[in-house]
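One structure is given below, encoded as structure tokens.
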Amino acid sequence: MPLGINKEPRLEFPIEAMYKNFLFTTDQQVWVGYKLDHQQFPINDLEFFKGYIEDGEGMFEHDKYEYHLVDIPNKFNLNEHVDRTINELVKGEFADLGETYFQQAEEILEDEVQMNKYTTYLFVKLTNTVQVANPLEYIELIKEVSATFVRKLTGQKQTRSVLLSSTQRMERELYEDLMNYKQLERLDPQILGRMYYYFFHRADQKIINRDLTIEEMTEGIISNDNGSIMIEQIDKNHHSAFLSVIETPSSMFGSSFVQNLRDSVSFSIETHTRIRFEHPEKDKKKVHKMRKRIDEQDKEQGNIDAVLDDDEVVLFGEERLRSLNEKLKHKEKRLCRVTITFVVSAETVEELEERVKDVQFVLDGTDYKIYRSIADQLTLFNQCIVGSKNQFRSYEQVVTTGYIADLGMDLEKEVGNQYGFPLGRIITAKKFKSVQQALAMSSKIVWFLPNLAKRAIEGAQHTNGNTLITGPPGQGKSVLVKYIFLWLTFFGQKILYVDPKNETELFFRKALEKFSFIPEFKELYNRINFISLSDQERYRGMLDPLMFLPRDEAIQTARSVLNAFGEVDSDSATSSKKKTIILESVEKVLNGRGKKHLTKVIEEIRKKDEDLAKLISGYNVGLGKILIGNDYSTPIKFESPINVLGTQGLKIPTQSEIEAGRLNPEQIAGMAIMEVIMKLTYVFSTNKEEDAAIIFDEAKGFEDTAQGRFLIDDSLRKGRANATDIYIVTQAFMDYDKEDKKELLSYKFAFRPKQEEARRKVLNFFEMDSNDANLTMFERLKSGTCLFQDHMGRNQPIAIDVLFDSWLAAISSTNQEDEATQAALAMEQNS
């Protein structure tokens, strides 16, 4: 006896038995099930969607079968995710603070967003009634129906062994054909049982991971509850609303409607797409009839009120119908009948109503319309059970199989890492007014841990953690890089942050005035080693190349500094001789005894060229002194794992000023100091087993000179060789838009350029088409949002989400605290 789940016969549980991926129903039908592998959703990639839709059409090429596509949410356990991150990834001297901040992040995210992953299943009904369109075919249909009727009348049932033997060959052929279009795997009874269990326990956070009996799968008392159903169980009630799609756009390409909807709501939303086919000749007649009706309407022009039926929503327009008719004739297109149902569930009626409103809000203003039937909820519940009869066709629509494929049920937007820290969220809304609104409209969290890229992640296109952040001023570059910097302190990385504005320490101190009551924030500040370049005497020799660089790099860098200070290239007649004197003096000091520093080198130079030594000695005042050490100098040290080097005050000339040859001593000293700073990649972390990162914020000063550009390129290469991640923050990216440079970058962030031509170049840099859709996407980005490419070459627009107010105060480069600024902002926002 089949198991009844309610007194109403129509709610009879349809499955009698399961074998491998076969489902045997109580009415002698056979279904088979598969799990579809998800594919990455590329942004506005028309070529991808062309192939994707062709594959989707191929998936339905067996039009004698009936299909049921199901999207089942897998509850994401944030607590387990964070615990594993803390236990396996958080380490080092800041690990205790990292544990605290990750736990706080978990609390914030749990309140704001419910993250889910989805599994897409394809079920195919192999024992379908033959479709007929002419009298000869009706004879075969009468034979089949009569045989079935006789078996029912006499109480005879085909045994499952007979059904299995007659359908196994069909399943093998189907599976082989499907593999031509999709990556998939056959299901097994345990997975099938868990799926049926889910249908009756939709509000559960976890699905039981074991073999289940039919009774366990289908337990509960089901009742209609005014636009929803309730399944009453011993310890919980499950409330579900079934929402039918009744209108769709007249045409679409690359919409991935289902995938976008999933990522736009902060709760699970289940999708059912049931597909059946009529005879091809019927489809041709239908299209011909529609063309005739349009022609009649055109002739009568306004004298007739009749219009096409709602289920013909995608089949209007003479030109489109003519094209469709030709493709039907040549079997290039296939019409199908589809019922699309969304299922929203919750533990309480109140929560369910809020979620239904959220779905309606997301779809508001689009061409997709849903209908929440009051009377049909039980019927829809039954129809969403795999294996049930597809007899309820009130909300059925006529579309092409390509249209079904375009829904994107097996597509997924992914970018970043599987684990790491929460950087932000993938932007799912096409339009938004601010970063806050973009965050509110997305549930797709971006996890980020760039130092894993050099550990040879499977599928990665790069094996380094080098990162480029580019964009115009005021869009969020510094906030992003500082946010990354603070999170990285918890993963055991040795970090050097080169801060040209000296604003990191300043803003930290200002933030502490407001948030000093947060112990972990105060301790985070205290543990960071802040170093500032200064012309004070105690900083003398801090960056003397002979005092901290390896021998070869020390010689090269010392020569470069002394050549600059001595202006040796200003006179070609004496240049060669002076360079020789400098080189010999450097080598003599390095080969001698005692401490090695540039003061000793200058004294050696003085013995051979008094004027040259005097010119170089002039840099013993001002910032130049940090390059000229003496016996009492202490070179820069990185005993603390986290270091911030403030370089405010450096006067870096532009390339045009260099070419003009009119540099003042401050600019010459600035260039020399810049070169030495870039050489820190040689010494900051020489142990390849040590995880390290160097961040160059606002690298524009370095990039404005040919020498600086060379040094940045050298740092990227040396960083990769030393397993040190290099971060470059810059307004311009064109110097990196070369194949040899691209291979040095694993991660790219681009904030919106102001000019369209610049946006086109950025899209090309990200290897994206500069089509209208991508340009529009880029144009709509706001401050705090950017385009992100990860180590696998995946691109997505993201919104940066700084989770902690104290951090936001410490990393914001715009001061919004004073009363005048607050008043001005309020006026602007209210205008």
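Each chain in the structure tokens gets a letter, A, B, ..., in the order shown, and its residues are numbered from 1; ligands are numbered from 1 in order too.
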
Write out as a PDB file with N, CA and C atoms, in the first residue's frame each polymer residue whose atoms come within 12 Å of Asn390 (chain A), counting only C-alpha atoms; drop sequence neighbours fewer than 6 positions from it.
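And here is the file that came out, result-v6.pdb:
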ATOM      1  N   ARG A  10      -5.078  13.003  -3.415  1.00  0.00           N
ATOM      2  CA  ARG A  10      -4.155  13.646  -4.327  1.00  0.00           C
ATOM      3  C   ARG A  10      -2.803  13.911  -3.660  1.00  0.00           C
ATOM      4  N   PRO A  14       4.162   9.704  -3.949  1.00  0.00           N
ATOM      5  CA  PRO A  14       4.183   9.035  -5.258  1.00  0.00           C
ATOM      6  C   PRO A  14       5.207   7.916  -5.406  1.00  0.00           C
ATOM      7  N   GLU A  66       9.667  13.589 -19.930  1.00  0.00           N
ATOM      8  CA  GLU A  66       9.247  14.728 -19.102  1.00  0.00           C
ATOM      9  C   GLU A  66      10.385  15.026 -18.129  1.00  0.00           C
ATOM     10  N   TYR A  67      10.564  16.307 -17.799  1.00  0.00           N
ATOM     11  CA  TYR A  67      11.708  16.716 -16.982  1.00  0.00           C
ATOM     12  C   TYR A  67      11.254  17.501 -15.753  1.00  0.00           C
ATOM     13  N   HIS A  68      12.061  17.387 -14.707  1.00  0.00           N
ATOM     14  CA  HIS A  68      11.816  18.152 -13.482  1.00  0.00           C
ATOM     15  C   HIS A  68      13.172  18.619 -12.952  1.00  0.00           C
ATOM     16  N   LYS A 125      11.562  11.630 -16.569  1.00  0.00           N
ATOM     17  CA  LYS A 125      10.540  10.578 -16.580  1.00  0.00           C
ATOM     18  C   LYS A 125      10.691   9.791 -17.883  1.00  0.00           C
ATOM     19  N   ASN A 128       6.957   7.937 -20.490  1.00  0.00           N
ATOM     20  CA  ASN A 128       6.018   9.002 -20.801  1.00  0.00           C
ATOM     21  C   ASN A 128       5.054   8.556 -21.889  1.00  0.00           C
ATOM     22  N   THR A 273      11.242  23.503 -11.761  1.00  0.00           N
ATOM     23  CA  THR A 273      10.891  23.747 -13.155  1.00  0.00           C
ATOM     24  C   THR A 273      10.459  22.419 -13.767  1.00  0.00           C
ATOM     25  N   ARG A 274       9.170  22.299 -14.068  1.00  0.00           N
ATOM     26  CA  ARG A 274       8.642  21.068 -14.668  1.00  0.00           C
ATOM     27  C   ARG A 274       8.385  21.317 -16.147  1.00  0.00           C
ATOM     28  N   ILE A 275       8.924  20.429 -16.977  1.00  0.00           N
ATOM     29  CA  ILE A 275       8.943  20.640 -18.420  1.00  0.00           C
ATOM     30  C   ILE A 275       8.337  19.431 -19.117  1.00  0.00           C
ATOM     31  N   ARG A 276       7.437  19.697 -20.038  1.00  0.00           N
ATOM     32  CA  ARG A 276       6.878  18.625 -20.851  1.00  0.00           C
ATOM     33  C   ARG A 276       6.799  19.107 -22.296  1.00  0.00           C
ATOM     34  N   PHE A 277       6.628  18.157 -23.210  1.00  0.00           N
ATOM     35  CA  PHE A 277       6.623  18.482 -24.633  1.00  0.00           C
ATOM     36  C   PHE A 277       5.329  18.008 -25.278  1.00  0.00           C
ATOM     37  N   ARG A 337       6.370  23.086 -22.657  1.00  0.00           N
ATOM     38  CA  ARG A 337       5.437  23.653 -21.683  1.00  0.00           C
ATOM     39  C   ARG A 337       6.120  23.591 -20.326  1.00  0.00           C
ATOM     40  N   VAL A 338       6.192  24.719 -19.656  1.00  0.00           N
ATOM     41  CA  VAL A 338       6.950  24.777 -18.408  1.00  0.00           C
ATOM     42  C   VAL A 338       6.113  25.399 -17.295  1.00  0.00           C
ATOM     43  N   THR A 339       6.268  24.832 -16.103  1.00  0.00           N
ATOM     44  CA  THR A 339       5.703  25.398 -14.888  1.00  0.00           C
ATOM     45  C   THR A 339       6.865  25.700 -13.943  1.00  0.00           C
ATOM     46  N   THR A 379      -1.916  21.652  -3.824  1.00  0.00           N
ATOM     47  CA  THR A 379      -1.670  21.081  -5.148  1.00  0.00           C
ATOM     48  C   THR A 379      -0.252  21.366  -5.612  1.00  0.00           C
ATOM     49  N   LEU A 380       0.218  22.592  -5.384  1.00  0.00           N
ATOM     50  CA  LEU A 380       1.573  22.954  -5.769  1.00  0.00           C
ATOM     51  C   LEU A 380       2.606  22.210  -4.930  1.00  0.00           C
ATOM     52  N   PHE A 381       2.295  22.027  -3.642  1.00  0.00           N
ATOM     53  CA  PHE A 381       3.184  21.238  -2.790  1.00  0.00           C
ATOM     54  C   PHE A 381       3.353  19.835  -3.377  1.00  0.00           C
ATOM     55  N   ASN A 382       2.255  19.246  -3.769  1.00  0.00           N
ATOM     56  CA  ASN A 382       2.281  17.900  -4.324  1.00  0.00           C
ATOM     57  C   ASN A 382       3.045  17.863  -5.650  1.00  0.00           C
ATOM     58  N   GLN A 383       2.823  18.875  -6.490  1.00  0.00           N
ATOM     59  CA  GLN A 383       3.462  18.888  -7.805  1.00  0.00           C
ATOM     60  C   GLN A 383       4.973  19.113  -7.705  1.00  0.00           C
ATOM     61  N   CYS A 384       5.427  19.682  -6.605  1.00  0.00           N
ATOM     62  CA  CYS A 384       6.860  19.909  -6.414  1.00  0.00           C
ATOM     63  C   CYS A 384       7.570  18.682  -5.848  1.00  0.00           C
ATOM     64  N   GLU A 396       1.070  27.099 -16.475  1.00  0.00           N
ATOM     65  CA  GLU A 396       2.005  26.620 -17.483  1.00  0.00           C
ATOM     66  C   GLU A 396       2.204  27.674 -18.564  1.00  0.00           C
TER      67      GLU A 396
END

List every residue of region 340-586 of chain A that DSSP, applied to the backbone, labels as strand (DSSP E or B), and write the result as a PDB file with N, CA, C and O atoms, in the first residue's frame.
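Writing done, so here's out.pdb:
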ATOM      1  N   ILE A 340       7.015  26.966 -13.580  1.00  0.00           N
ATOM      2  CA  ILE A 340       8.111  27.380 -12.696  1.00  0.00           C
ATOM      3  C   ILE A 340       7.512  27.775 -11.343  1.00  0.00           C
ATOM      4  O   ILE A 340       6.609  28.617 -11.275  1.00  0.00           O
ATOM      5  N   THR A 341       8.004  27.152 -10.299  1.00  0.00           N
ATOM      6  CA  THR A 341       7.489  27.398  -8.952  1.00  0.00           C
ATOM      7  C   THR A 341       8.636  27.689  -8.001  1.00  0.00           C
ATOM      8  O   THR A 341       9.615  26.936  -7.955  1.00  0.00           O
ATOM      9  N   PHE A 342       8.513  28.779  -7.243  1.00  0.00           N
ATOM     10  CA  PHE A 342       9.470  29.080  -6.177  1.00  0.00           C
ATOM     11  C   PHE A 342       8.846  28.684  -4.847  1.00  0.00           C
ATOM     12  O   PHE A 342       7.643  28.860  -4.636  1.00  0.00           O
ATOM     13  N   VAL A 343       9.689  28.159  -3.956  1.00  0.00           N
ATOM     14  CA  VAL A 343       9.214  27.755  -2.627  1.00  0.00           C
ATOM     15  C   VAL A 343      10.027  28.517  -1.582  1.00  0.00           C
ATOM     16  O   VAL A 343      11.249  28.458  -1.560  1.00  0.00           O
ATOM     17  N   VAL A 344       9.306  29.228  -0.731  1.00  0.00           N
ATOM     18  CA  VAL A 344       9.923  29.971   0.372  1.00  0.00           C
ATOM     19  C   VAL A 344       9.423  29.364   1.674  1.00  0.00           C
ATOM     20  O   VAL A 344       8.219  29.130   1.830  1.00  0.00           O
ATOM     21  N   SER A 345      10.333  29.098   2.608  1.00  0.00           N
ATOM     22  CA  SER A 345       9.948  28.414   3.851  1.00  0.00           C
ATOM     23  C   SER A 345      10.512  29.143   5.064  1.00  0.00           C
ATOM     24  O   SER A 345      11.501  29.882   4.966  1.00  0.00           O
ATOM     25  N   ALA A 346       9.876  28.913   6.209  1.00  0.00           N
ATOM     26  CA  ALA A 346      10.322  29.513   7.467  1.00  0.00           C
ATOM     27  C   ALA A 346       9.719  28.742   8.630  1.00  0.00           C
ATOM     28  O   ALA A 346       8.815  27.914   8.448  1.00  0.00           O
ATOM     29  N   LYS A 369       6.741  38.080 -13.115  1.00  0.00           N
ATOM     30  CA  LYS A 369       5.612  38.239 -12.199  1.00  0.00           C
ATOM     31  C   LYS A 369       5.310  36.886 -11.548  1.00  0.00           C
ATOM     32  O   LYS A 369       5.305  35.850 -12.220  1.00  0.00           O
ATOM     33  N   ILE A 370       5.079  36.938 -10.247  1.00  0.00           N
ATOM     34  CA  ILE A 370       4.723  35.716  -9.533  1.00  0.00           C
ATOM     35  C   ILE A 370       3.320  35.862  -8.963  1.00  0.00           C
ATOM     36  O   ILE A 370       2.824  36.968  -8.731  1.00  0.00           O
ATOM     37  N   TYR A 371       2.686  34.717  -8.740  1.00  0.00           N
ATOM     38  CA  TYR A 371       1.334  34.700  -8.185  1.00  0.00           C
ATOM     39  C   TYR A 371       1.294  33.725  -7.015  1.00  0.00           C
ATOM     40  O   TYR A 371       1.755  32.589  -7.130  1.00  0.00           O
ATOM     41  N   GLN A 397       3.447  27.780 -19.056  1.00  0.00           N
ATOM     42  CA  GLN A 397       3.777  28.723 -20.113  1.00  0.00           C
ATOM     43  C   GLN A 397       4.455  27.986 -21.260  1.00  0.00           C
ATOM     44  O   GLN A 397       5.065  26.936 -21.059  1.00  0.00           O
ATOM     45  N   VAL A 398       4.342  28.548 -22.443  1.00  0.00           N
ATOM     46  CA  VAL A 398       4.971  27.969 -23.622  1.00  0.00           C
ATOM     47  C   VAL A 398       6.237  28.765 -23.927  1.00  0.00           C
ATOM     48  O   VAL A 398       6.184  29.967 -24.169  1.00  0.00           O
ATOM     49  N   VAL A 399       7.368  28.072 -23.905  1.00  0.00           N
ATOM     50  CA  VAL A 399       8.656  28.719 -24.165  1.00  0.00           C
ATOM     51  C   VAL A 399       9.517  27.767 -24.967  1.00  0.00           C
ATOM     52  O   VAL A 399       9.147  26.634 -25.209  1.00  0.00           O
ATOM     53  N   THR A 400      10.701  28.225 -25.371  1.00  0.00           N
ATOM     54  CA  THR A 400      11.664  27.331 -26.017  1.00  0.00           C
ATOM     55  C   THR A 400      12.541  26.691 -24.950  1.00  0.00           C
ATOM     56  O   THR A 400      12.666  27.200 -23.826  1.00  0.00           O
ATOM     57  N   LEU A 411      23.999  27.606 -12.634  1.00  0.00           N
ATOM     58  CA  LEU A 411      25.066  28.599 -12.635  1.00  0.00           C
ATOM     59  C   LEU A 411      25.316  29.101 -11.218  1.00  0.00           C
ATOM     60  O   LEU A 411      24.428  29.073 -10.366  1.00  0.00           O
ATOM     61  N   GLU A 412      26.524  29.582 -10.994  1.00  0.00           N
ATOM     62  CA  GLU A 412      26.888  30.036  -9.664  1.00  0.00           C
ATOM     63  C   GLU A 412      27.896  31.174  -9.771  1.00  0.00           C
ATOM     64  O   GLU A 412      28.831  31.105 -10.572  1.00  0.00           O
ATOM     65  N   ASN A 417      38.054  33.076  -2.207  1.00  0.00           N
ATOM     66  CA  ASN A 417      38.482  31.789  -1.671  1.00  0.00           C
ATOM     67  C   ASN A 417      37.326  31.074  -0.975  1.00  0.00           C
ATOM     68  O   ASN A 417      36.291  31.681  -0.691  1.00  0.00           O
ATOM     69  N   PHE A 421      38.888  35.556   5.321  1.00  0.00           N
ATOM     70  CA  PHE A 421      38.107  36.564   6.042  1.00  0.00           C
ATOM     71  C   PHE A 421      37.022  37.126   5.130  1.00  0.00           C
ATOM     72  O   PHE A 421      37.146  37.098   3.902  1.00  0.00           O
ATOM     73  N   PRO A 422      35.931  37.634   5.707  1.00  0.00           N
ATOM     74  CA  PRO A 422      34.827  38.174   4.901  1.00  0.00           C
ATOM     75  C   PRO A 422      35.178  39.553   4.355  1.00  0.00           C
ATOM     76  O   PRO A 422      35.191  40.542   5.079  1.00  0.00           O
ATOM     77  N   LEU A 423      35.472  39.615   3.057  1.00  0.00           N
ATOM     78  CA  LEU A 423      35.886  40.866   2.429  1.00  0.00           C
ATOM     79  C   LEU A 423      34.700  41.738   2.057  1.00  0.00           C
ATOM     80  O   LEU A 423      34.767  42.964   2.134  1.00  0.00           O
ATOM     81  N   GLY A 424      33.618  41.127   1.645  1.00  0.00           N
ATOM     82  CA  GLY A 424      32.432  41.873   1.206  1.00  0.00           C
ATOM     83  C   GLY A 424      31.433  40.918   0.601  1.00  0.00           C
ATOM     84  O   GLY A 424      31.390  39.741   0.971  1.00  0.00           O
ATOM     85  N   ARG A 425      30.654  41.407  -0.352  1.00  0.00           N
ATOM     86  CA  ARG A 425      29.654  40.557  -1.008  1.00  0.00           C
ATOM     87  C   ARG A 425      29.629  40.820  -2.497  1.00  0.00           C
ATOM     88  O   ARG A 425      29.889  41.937  -2.951  1.00  0.00           O
ATOM     89  N   ILE A 426      29.303  39.778  -3.242  1.00  0.00           N
ATOM     90  CA  ILE A 426      29.113  39.931  -4.679  1.00  0.00           C
ATOM     91  C   ILE A 426      27.867  40.791  -4.907  1.00  0.00           C
ATOM     92  O   ILE A 426      26.832  40.581  -4.282  1.00  0.00           O
ATOM     93  N   ILE A 445      28.584  36.143   0.151  1.00  0.00           N
ATOM     94  CA  ILE A 445      29.773  36.652   0.821  1.00  0.00           C
ATOM     95  C   ILE A 445      31.038  36.264   0.051  1.00  0.00           C
ATOM     96  O   ILE A 445      31.145  35.160  -0.477  1.00  0.00           O
ATOM     97  N   VAL A 446      31.970  37.204  -0.014  1.00  0.00           N
ATOM     98  CA  VAL A 446      33.270  36.958  -0.626  1.00  0.00           C
ATOM     99  C   VAL A 446      34.277  36.688   0.491  1.00  0.00           C
ATOM    100  O   VAL A 446      34.553  37.557   1.315  1.00  0.00           O
ATOM    101  N   TRP A 447      34.805  35.472   0.520  1.00  0.00           N
ATOM    102  CA  TRP A 447      35.870  35.121   1.454  1.00  0.00           C
ATOM    103  C   TRP A 447      37.195  35.325   0.752  1.00  0.00           C
ATOM    104  O   TRP A 447      37.337  35.014  -0.436  1.00  0.00           O
ATOM    105  N   PHE A 448      38.194  35.818   1.498  1.00  0.00           N
ATOM    106  CA  PHE A 448      39.441  36.210   0.850  1.00  0.00           C
ATOM    107  C   PHE A 448      40.632  35.818   1.714  1.00  0.00           C
ATOM    108  O   PHE A 448      40.659  36.114   2.915  1.00  0.00           O
ATOM    109  N   THR A 467      48.907  41.404  -5.481  1.00  0.00           N
ATOM    110  CA  THR A 467      47.590  42.024  -5.629  1.00  0.00           C
ATOM    111  C   THR A 467      47.726  43.458  -6.117  1.00  0.00           C
ATOM    112  O   THR A 467      48.572  44.210  -5.615  1.00  0.00           O
ATOM    113  N   LEU A 468      46.906  43.820  -7.097  1.00  0.00           N
ATOM    114  CA  LEU A 468      46.864  45.197  -7.608  1.00  0.00           C
ATOM    115  C   LEU A 468      45.503  45.804  -7.287  1.00  0.00           C
ATOM    116  O   LEU A 468      44.464  45.205  -7.559  1.00  0.00           O
ATOM    117  N   ILE A 469      45.518  47.003  -6.698  1.00  0.00           N
ATOM    118  CA  ILE A 469      44.287  47.748  -6.399  1.00  0.00           C
ATOM    119  C   ILE A 469      44.388  49.080  -7.130  1.00  0.00           C
ATOM    120  O   ILE A 469      45.311  49.868  -6.878  1.00  0.00           O
ATOM    121  N   THR A 470      43.471  49.326  -8.058  1.00  0.00           N
ATOM    122  CA  THR A 470      43.570  50.509  -8.904  1.00  0.00           C
ATOM    123  C   THR A 470      42.249  51.274  -8.943  1.00  0.00           C
ATOM    124  O   THR A 470      41.183  50.704  -8.708  1.00  0.00           O
ATOM    125  N   PHE A 491      46.671  35.878  10.398  1.00  0.00           N
ATOM    126  CA  PHE A 491      46.982  34.619   9.716  1.00  0.00           C
ATOM    127  C   PHE A 491      48.463  34.273   9.785  1.00  0.00           C
ATOM    128  O   PHE A 491      48.943  33.454   8.999  1.00  0.00           O
ATOM    129  N   LYS A 494      54.005  37.825   8.217  1.00  0.00           N
ATOM    130  CA  LYS A 494      54.870  38.947   8.545  1.00  0.00           C
ATOM    131  C   LYS A 494      54.564  40.041   7.528  1.00  0.00           C
ATOM    132  O   LYS A 494      54.657  39.803   6.321  1.00  0.00           O
ATOM    133  N   ILE A 495      54.182  41.229   7.998  1.00  0.00           N
ATOM    134  CA  ILE A 495      53.642  42.241   7.093  1.00  0.00           C
ATOM    135  C   ILE A 495      54.380  43.562   7.252  1.00  0.00           C
ATOM    136  O   ILE A 495      54.627  44.023   8.371  1.00  0.00           O
ATOM    137  N   LEU A 496      54.697  44.182   6.113  1.00  0.00           N
ATOM    138  CA  LEU A 496      55.205  45.550   6.080  1.00  0.00           C
ATOM    139  C   LEU A 496      54.248  46.384   5.247  1.00  0.00           C
ATOM    140  O   LEU A 496      54.036  46.093   4.065  1.00  0.00           O
ATOM    141  N   TYR A 497      53.677  47.386   5.873  1.00  0.00           N
ATOM    142  CA  TYR A 497      52.753  48.296   5.193  1.00  0.00           C
ATOM    143  C   TYR A 497      53.470  49.629   4.994  1.00  0.00           C
ATOM    144  O   TYR A 497      53.780  50.322   5.953  1.00  0.00           O
ATOM    145  N   VAL A 498      53.753  49.985   3.731  1.00  0.00           N
ATOM    146  CA  VAL A 498      54.406  51.258   3.417  1.00  0.00           C
ATOM    147  C   VAL A 498      53.318  52.302   3.186  1.00  0.00           C
ATOM    148  O   VAL A 498      52.587  52.238   2.202  1.00  0.00           O
ATOM    149  N   ASP A 499      53.224  53.247   4.131  1.00  0.00           N
ATOM    150  CA  ASP A 499      52.131  54.221   4.157  1.00  0.00           C
ATOM    151  C   ASP A 499      52.667  55.605   3.813  1.00  0.00           C
ATOM    152  O   ASP A 499      53.261  56.283   4.650  1.00  0.00           O
ATOM    153  N   ASN A 529      53.713  47.651  14.971  1.00  0.00           N
ATOM    154  CA  ASN A 529      54.949  48.434  15.062  1.00  0.00           C
ATOM    155  C   ASN A 529      54.905  49.571  14.044  1.00  0.00           C
ATOM    156  O   ASN A 529      55.107  49.358  12.851  1.00  0.00           O
ATOM    157  N   PHE A 530      54.609  50.780  14.523  1.00  0.00           N
ATOM    158  CA  PHE A 530      54.547  51.951  13.643  1.00  0.00           C
ATOM    159  C   PHE A 530      55.934  52.591  13.549  1.00  0.00           C
ATOM    160  O   PHE A 530      56.547  52.934  14.565  1.00  0.00           O
ATOM    161  N   ILE A 531      56.428  52.759  12.332  1.00  0.00           N
ATOM    162  CA  ILE A 531      57.730  53.380  12.088  1.00  0.00           C
ATOM    163  C   ILE A 531      57.507  54.574  11.157  1.00  0.00           C
ATOM    164  O   ILE A 531      56.795  54.453  10.162  1.00  0.00           O
ATOM    165  N   SER A 532      58.117  55.705  11.479  1.00  0.00           N
ATOM    166  CA  SER A 532      57.959  56.888  10.629  1.00  0.00           C
ATOM    167  C   SER A 532      59.314  57.396  10.187  1.00  0.00           C
ATOM    168  O   SER A 532      60.256  57.451  10.987  1.00  0.00           O
TER     169      SER A 532
END

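Compared by their closest atoms to Ile642 (chain A), and using only C-alpha atoms, the residues A:Met678, A:Gln493, A:Asn620, A:Ile518 rank with A:Gln493 nearest.
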
Item to check | Using only C-alpha atoms: which of A:Thr681, A:Asn224, A:Thr730, A:Asn116 has the shortest distance to Leu711 (chain A) | outcome: A:Thr681

Checklist entry - Quick one: of A:Glu739, A:Glu520, A:Asp358, A:Glu767, who's nearest to Leu261 (chain A), counting only C-alpha atoms? => result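 With only C-alpha atoms as the atom set, the closest residue is A:Asp358.
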
Checklist entry - Contacts of region 786-797 of chain A at 9 Å or less, counting only C-alpha atoms, minus same-chain residues fewer than 5 places along, as a ChimeraX atom specification? => result /A:40-43,413-417,425-428,450,453,457,459-465,471,475-476,745-752,766-768,777-778,781

Item to check | Nearest residue to Ala438 (chain A) from the set A:Asn563, A:Asn77, A:Gln103, A:Ser264 (distances using only C-alpha atoms) | outcome: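 Closest residue, counting only C-alpha atoms: A:Ser264.
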
Next on the checklist: Could you pull out the helix (DSSP H, G or I) residues of region 338-438 of chain A, going by DSSP on the backbone, and write them as a VMD selection string?
Outcome noted: chain A and resid 349 to 363 377 to 383 401 to 405 435 to 438

Checklist entry - Which distance in Å separates CA of Ile581 (chain A) and CA of Ile555 (chain A), to one decimal? => result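 The value is 13.1 Å.
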
Checklist entry - Can you tell me, as a ChimeraX atom specification, what residues are no more than 9 Å from Glu603 (chain A) when counting only C-alpha atoms, ignoring any on the same chain fewer than 5 positions away? => result /A:585,598,613

Using the selection just defined, write its residues with N, CA and C atoms as a PDB file, in the first residue's frame.
ATOM      1  N   SER A 585      85.191  53.131  -3.260  1.00  0.00           N
ATOM      2  CA  SER A 585      85.016  53.518  -1.855  1.00  0.00           C
ATOM      3  C   SER A 585      84.015  52.602  -1.161  1.00  0.00           C
ATOM      4  N   LEU A 598      77.412  54.526   5.165  1.00  0.00           N
ATOM      5  CA  LEU A 598      77.773  55.467   4.102  1.00  0.00           C
ATOM      6  C   LEU A 598      78.659  56.602   4.588  1.00  0.00           C
ATOM      7  N   ALA A 613      82.740  64.585  -2.235  1.00  0.00           N
ATOM      8  CA  ALA A 613      82.385  64.221  -0.859  1.00  0.00           C
ATOM      9  C   ALA A 613      81.586  65.333  -0.191  1.00  0.00           C
TER      10      ALA A 613
END

Item to check | Which of A:Ala699, A:Ala203, A:Leu615, A:Arg262 sits closest to Ser443 (chain A) [using only C-alpha atoms] | outcome: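 Of A:Ala699, A:Ala203, A:Leu615, A:Arg262, the one nearest Ser443 (chain A) is A:Arg262, counting only C-alpha atoms.
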
Next on the checklist: So, with only C-alpha atoms as the atoms that count, which of A:Lys596, A:Lys651, A:His38, A:Lys679 lies closest to Gly408 (chain A)?
Outcome noted: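 Under the stated criterion, the closest residue is A:His38.
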
Next on the checklist: Could you list, as a VMD selection string, every residue within 12 Å of Met179 (chain A), counting only C-alpha atoms and ignoring same-chain residues fewer than 2 positions away?
Outcome noted: chain A and resid 34 to 37 55 to 56 58 to 59 172 to 177 181 to 186

Checklist entry - Just how far from CA of Asn526 (chain A) is CA of Gly92 (chain A), in Å to one decimal? => result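 CA of Gly92 (chain A) sits 15.8 Å away from CA of Asn526 (chain A).
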
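Put simply, CA of Asn44 (chain A) is 7.0 Å away from CA of Gly254 (chain A).
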
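By chain and then residue number, the residues within 9 Å of Gln436 (chain A) are A:Phe432, A:Lys433, A:Leu439, A:Ala440, A:Met441, A:Gly784, A:Ala799, A:Asp801, counting only C-alpha atoms and disregarding those fewer than 3 positions away in sequence.
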